[in-house]
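This report concerns only the one structure given below.
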Amino acid sequence: MRKSAIAAVAFGALGQLHYSIVLSNNEVAQKLLEIRTLMEMAGESFYKYMAYEKAAASVENAPPLNDLIAAGEHLKLPGIGKSIGAAIEQLVRTGTADQLNALYQRFPPTLLEVLGVSGIGTKTAAMLFAEYGIASLSDLEAAIGAGTLLGVPRLGSKTIDNWKRGILAYKGRQRRTPLPRALAIARQAVAYVEQGPLLQRLAFAGSLRRAEVTVGDIDLVCTSQHAADVIAHFVTWPKAEAVLAEGPTKASIWLPGGLQIDLRVLPDHLYGNLLQHFTGSREHNIKLREYAVRRSLRVSENGILNLETGDVITCTEEAGVYDALGMQFIPPELRSGLDEIDLARAGAIPPLVGLSDLRGDFHMHTTWSDGDDSLEAMIAAAAARGYEYHAISDHSHGRGRRFGMDPSALRRQRGEIEQLGARYGIQTLCASEVDILPDGSLDFDDTVLAELDVVIGSVHTATSQSREVMTARLIRACENPYVTIIGHPTGRRFDGSPGYEFDYDAVFAAAARTGTAVEIDGQAARLDLPAPLARKAKTFGVTFALDSDAHRTGDLAATEFAVGQARRAGLGAGDILNARRLDEVRAFVARKRDTP
Ligand SMILES: [Zn+2]
Ligand SMILES: [Zn+2]
């Protein structure tokens, strides 16, 4: 009785606030910058269009606009007056604004692609549009290909060559590569660079190091006394399709399929500064520089300059940069430009969970369901990772899935697990990834569930249910005493599905209240729960499971990606169920089952 009353209250609050939100803060900021750019092309005054640029920065750093507008507080943001405020409200609700539509009457939106090519400014783009009708990237490519622009004053062949490279780079930026794929490529690149001339240190930087779920380009930084030789070796990587830029200390190459790799080489005494600078994020570095300037320090990849004394502090280690600024080291995954600098100044950055904290993995499939490897192979591979325990969690039967297991198969599988025993020196738990049916009930009845050590409840079907129905479905699953973990909670996949909508707050509250863990699924196509939602879930006191959802032995390493997302969410080992000892895991399961 009491449980469903709580769910109903959550629905009530939701019903009043619910209207569709078309654009997020970042998307609104992008549109404001579009307006700014097109106003400049239209010849508006500097002060007029710069107001939009300032408003964009303000929006990026603001709390969710949706909430601000509901409270009428968006007009209190710095740099946002009545007319820009109205545009913001329109953008959030409808995805566009009157100002933007008026500008689109004069300039097609595709003109912004041309401006995305490095070396092409607003004046040049306006000229290309007015005189040659170039209104998109493909128009520009066609004009260059046809030689239309040869002989145009101030457009030498060198400029055109730069534009060609700029077009490639622009296309690369438009396409973001999922983290697991980017990491695999980056590791190949690192292996190649390491074969070359004498390196001192080499590391990933950028979004890859921050464990962003998708990566725009790959940043590598290294130190060497032979920068020119390192660069010469790098640009001749046989996998590269084109060299976008090549200088004495940096170069960019382009891989087939559209991924750019940048390499920067500096002397070793600057390694800490270099790594910090190129790890970003841009937002983090802006905030860090603003903080430093107020202390008369200027931070760059070449060191920290004391503006009063002229002294330069160089850092061989990255922690030295933060130390010199009087703050705690900030792990790369937290450098998002949110509140991490304030936390670091207060010494309040918590220790984050690391891969070595994991004692087990609850989610993996074998040939008993849709996995590629045998039960024994998966057990041996999990043991080889050094785990104390793991769970075999093949799919449940009910939705007629070809690979699902019925209760008798589940019992036979348990027999096989018991027979293998402790041969591989790891405790194998009997589990199942049980479908959460459309009404929130489970695909096995309680007697079957009670035989399992761990139960993962996942939504695989009826994913187009309304937000309200899906919320109730997930809350009901949390309230089932046998569900230990909610698997891949949002259902999003990089290879297609955007996932289903539900009221995150209501479900996280239910998970915390019922002692149900929420999964961060590390499978390459999933990375689900996404880090921002995991950050939110933590505020409700949720416990997390960091799983591989491996379907073959090689994929057990995907827990690395689950850990990366957990770190981005600021989670520590104490938040993670599979960082606990097996007896503690069993107690977690038992506590929920025993709660009346
Ligand atoms: Zn699943
Ligand atoms: Zn699975």
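In the structure tokens, chains take the letters A, B, ... in the order shown, each chain's residues start at 1, and ligands count up from 1 in the order shown.
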
Residues of chain A that have any atom at most 7 Å from an atom of ligand 2: could you tabulate them with the shortest-distance atom pair and the distance in Å to one decimal, using only C-alpha atoms and all ligand atoms, ordered by chain and increasing number, as a tab-separated table?
```
residue	atom	partner	partner_atom_place_in_ligand_line	distance
A:His363	CA	ligand 2	1 (Zn)	6.2
A:Met364	CA	ligand 2	1 (Zn)	6.2
A:His365	CA	ligand 2	1 (Zn)	6.5
A:Glu433	CA	ligand 2	1 (Zn)	6.3
A:Asp549	CA	ligand 2	1 (Zn)	4.8
```

May I have the residues from that selection written out with C-alpha atoms, as a PDB file, in the first residue's frame?
```pdb
ATOM      1  CA  HIS A 363      26.354  -9.639 -16.075  1.00  0.00           C
ATOM      2  CA  MET A 364      27.550 -12.046 -18.761  1.00  0.00           C
ATOM      3  CA  HIS A 365      26.036 -14.440 -21.280  1.00  0.00           C
ATOM      4  CA  GLU A 433      18.929 -11.482 -16.877  1.00  0.00           C
ATOM      5  CA  ASP A 549      27.248  -7.548 -20.214  1.00  0.00           C
TER       6      ASP A 549
END
```

Write out, as a Markdown table, each residue of chain A that has an atom at most 7 Å from ligand 1, together with the closest pair of atoms and their distance in Å to one decimal, counting only C-alpha atoms and all ligand atoms, rows going by chain and rising number.
```
| residue | atom | partner | partner_atom_place_in_ligand_line | distance |
| --- | --- | --- | --- | --- |
| A:Glu433 | CA | ligand 1 | 1 (Zn) | 6.7 |
| A:Ser458 | CA | ligand 1 | 1 (Zn) | 5.8 |
| A:His460 | CA | ligand 1 | 1 (Zn) | 6.5 |
| A:Gly487 | CA | ligand 1 | 1 (Zn) | 6.5 |
| A:His488 | CA | ligand 1 | 1 (Zn) | 6.6 |
```

Worksheet item: Per DSSP on the backbone, what are the strand (DSSP E or B) residues of range 250-468 of chain A, as JSON, numbers by chain?
Response: {"A": [250, 251, 252, 253, 254, 255, 259, 260, 261, 262, 263, 264, 265, 266, 297, 298, 299, 300, 303, 304, 305, 306, 312, 313, 360, 361, 364, 389, 390, 391, 392, 395, 396, 405, 427, 428, 429, 430, 431, 432, 433, 434, 435, 436, 442, 454, 455, 456, 457, 458]}

Please identify every residue of range 157-188 of chain A that has at least one atom no farther than 12 Å from an atom of range 201-225 of chain A, counting only C-alpha atoms, and for each give the shortest atom pair and the distance in Å to one decimal, arranged by chain then increasing number, as a tab-separated table.
```
residue	atom	partner	partner_atom	distance
A:Ala169	CA	A:Asp217	CA	9.5
A:Tyr170	CA	A:Gly216	CA	10.4
A:Lys171	CA	A:Gly216	CA	10.3
A:Gly172	CA	A:Gly216	CA	7.2
A:Arg173	CA	A:Gly216	CA	5.5
A:Gln174	CA	A:Gly216	CA	7.6
A:Arg175	CA	A:Gly216	CA	6.7
A:Arg176	CA	A:Gly216	CA	4.7
A:Thr177	CA	A:Val215	CA	5.1
A:Pro178	CA	A:Thr214	CA	4.3
A:Leu179	CA	A:Thr214	CA	5.0
A:Pro180	CA	A:Val213	CA	8.2
A:Arg181	CA	A:Thr214	CA	9.2
A:Ala182	CA	A:Val215	CA	6.8
A:Leu183	CA	A:Leu208	CA	7.0
A:Ala184	CA	A:Leu208	CA	10.7
A:Ile185	CA	A:Ile218	CA	8.8
A:Ala186	CA	A:Ile218	CA	6.7
A:Arg187	CA	A:Phe204	CA	8.9
A:Gln188	CA	A:Ile218	CA	11.7
```

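Interatomic distance, CA of Gly371 in chain A to CA of Asp555 in chain A: 10.6 Å.
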
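Using only C-alpha atoms, the nearest neighbour of Ala545 in chain A within the list A:Glu501, A:Asp370, A:Glu479, A:Asp361 is A:Asp361.
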
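Residues with any atom within 9 Å of Arg476 in chain A, counting only C-alpha atoms and excluding same-chain neighbours fewer than 2 positions away, are Ser4, Asp439, Gly440, Ser441, Thr471, Ala472, Arg473, Leu474, Cys478, Glu479, Asn480 and Ala510 of chain A.
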
Please provide as a short mmCIF file (atom, residue, chain, number, x, y, z; two decimals) with C-alpha atoms, in the first residue's frame all residues within 7 Å of range 572-582 of chain A, with the sequence filter that same-chain residues fewer than 6 positions apart are discarded (counting only C-alpha atoms).
```
data_model
loop_
_atom_site.label_atom_id
_atom_site.label_comp_id
_atom_site.auth_asym_id
_atom_site.auth_seq_id
_atom_site.Cartn_x
_atom_site.Cartn_y
_atom_site.Cartn_z
CA PRO A 351 38.30 9.16 -4.28
CA LEU A 352 36.78 7.62 -7.41
CA VAL A 353 36.21 3.95 -8.10
CA ASP A 357 38.36 -2.02 -7.02
CA LEU A 358 36.09 -4.47 -8.83
CA ARG A 359 35.89 -7.89 -7.20
CA GLY A 360 33.40 -9.30 -9.66
CA ASP A 361 31.03 -8.84 -12.60
CA TYR A 389 33.24 -13.91 -7.97
CA THR A 543 23.95 1.49 -5.17
CA PHE A 544 25.46 0.68 -8.58
CA ALA A 545 26.66 -2.45 -10.38
CA LEU A 546 29.43 -1.97 -12.97
#
```

Worksheet item: Do you know which residues are at most 9 Å from Pro407 in chain A counting only C-alpha atoms, after dropping those on the same chain fewer than 5 positions away, and could you put them as a PyMOL selection string?
Response: chain A and resi 396-397+412+444+448

Worksheet item: How would you write, as a PyMOL selection string, the set of residues in range 428-467 of chain A that DSSP gives as alpha helix (DSSP H)?
Response: chain A and resi 446-450+467

Would you mind exporting the chosen residues as an mmCIF file, in the first residue's frame, restricted to N, CA and C atoms?
```cif
data_model
loop_
_atom_site.group_PDB
_atom_site.id
_atom_site.type_symbol
_atom_site.label_atom_id
_atom_site.label_comp_id
_atom_site.auth_asym_id
_atom_site.auth_seq_id
_atom_site.Cartn_x
_atom_site.Cartn_y
_atom_site.Cartn_z
ATOM 1 N N ASP A 446 8.194 -16.310 -8.665
ATOM 2 C CA ASP A 446 9.025 -16.120 -7.478
ATOM 3 C C ASP A 446 9.784 -17.382 -7.071
ATOM 4 N N THR A 447 9.180 -18.574 -7.276
ATOM 5 C CA THR A 447 9.902 -19.781 -6.849
ATOM 6 C C THR A 447 11.183 -19.954 -7.661
ATOM 7 N N VAL A 448 11.122 -19.640 -8.936
ATOM 8 C CA VAL A 448 12.331 -19.742 -9.773
ATOM 9 C C VAL A 448 13.332 -18.655 -9.363
ATOM 10 N N LEU A 449 12.842 -17.428 -9.210
ATOM 11 C CA LEU A 449 13.728 -16.312 -8.832
ATOM 12 C C LEU A 449 14.430 -16.592 -7.506
ATOM 13 N N ALA A 450 13.703 -17.218 -6.576
ATOM 14 C CA ALA A 450 14.259 -17.465 -5.240
ATOM 15 C C ALA A 450 15.443 -18.432 -5.293
ATOM 16 N N ARG A 467 5.973 7.477 -21.021
ATOM 17 C CA ARG A 467 6.817 7.782 -19.887
ATOM 18 C C ARG A 467 6.174 7.332 -18.567
#
```
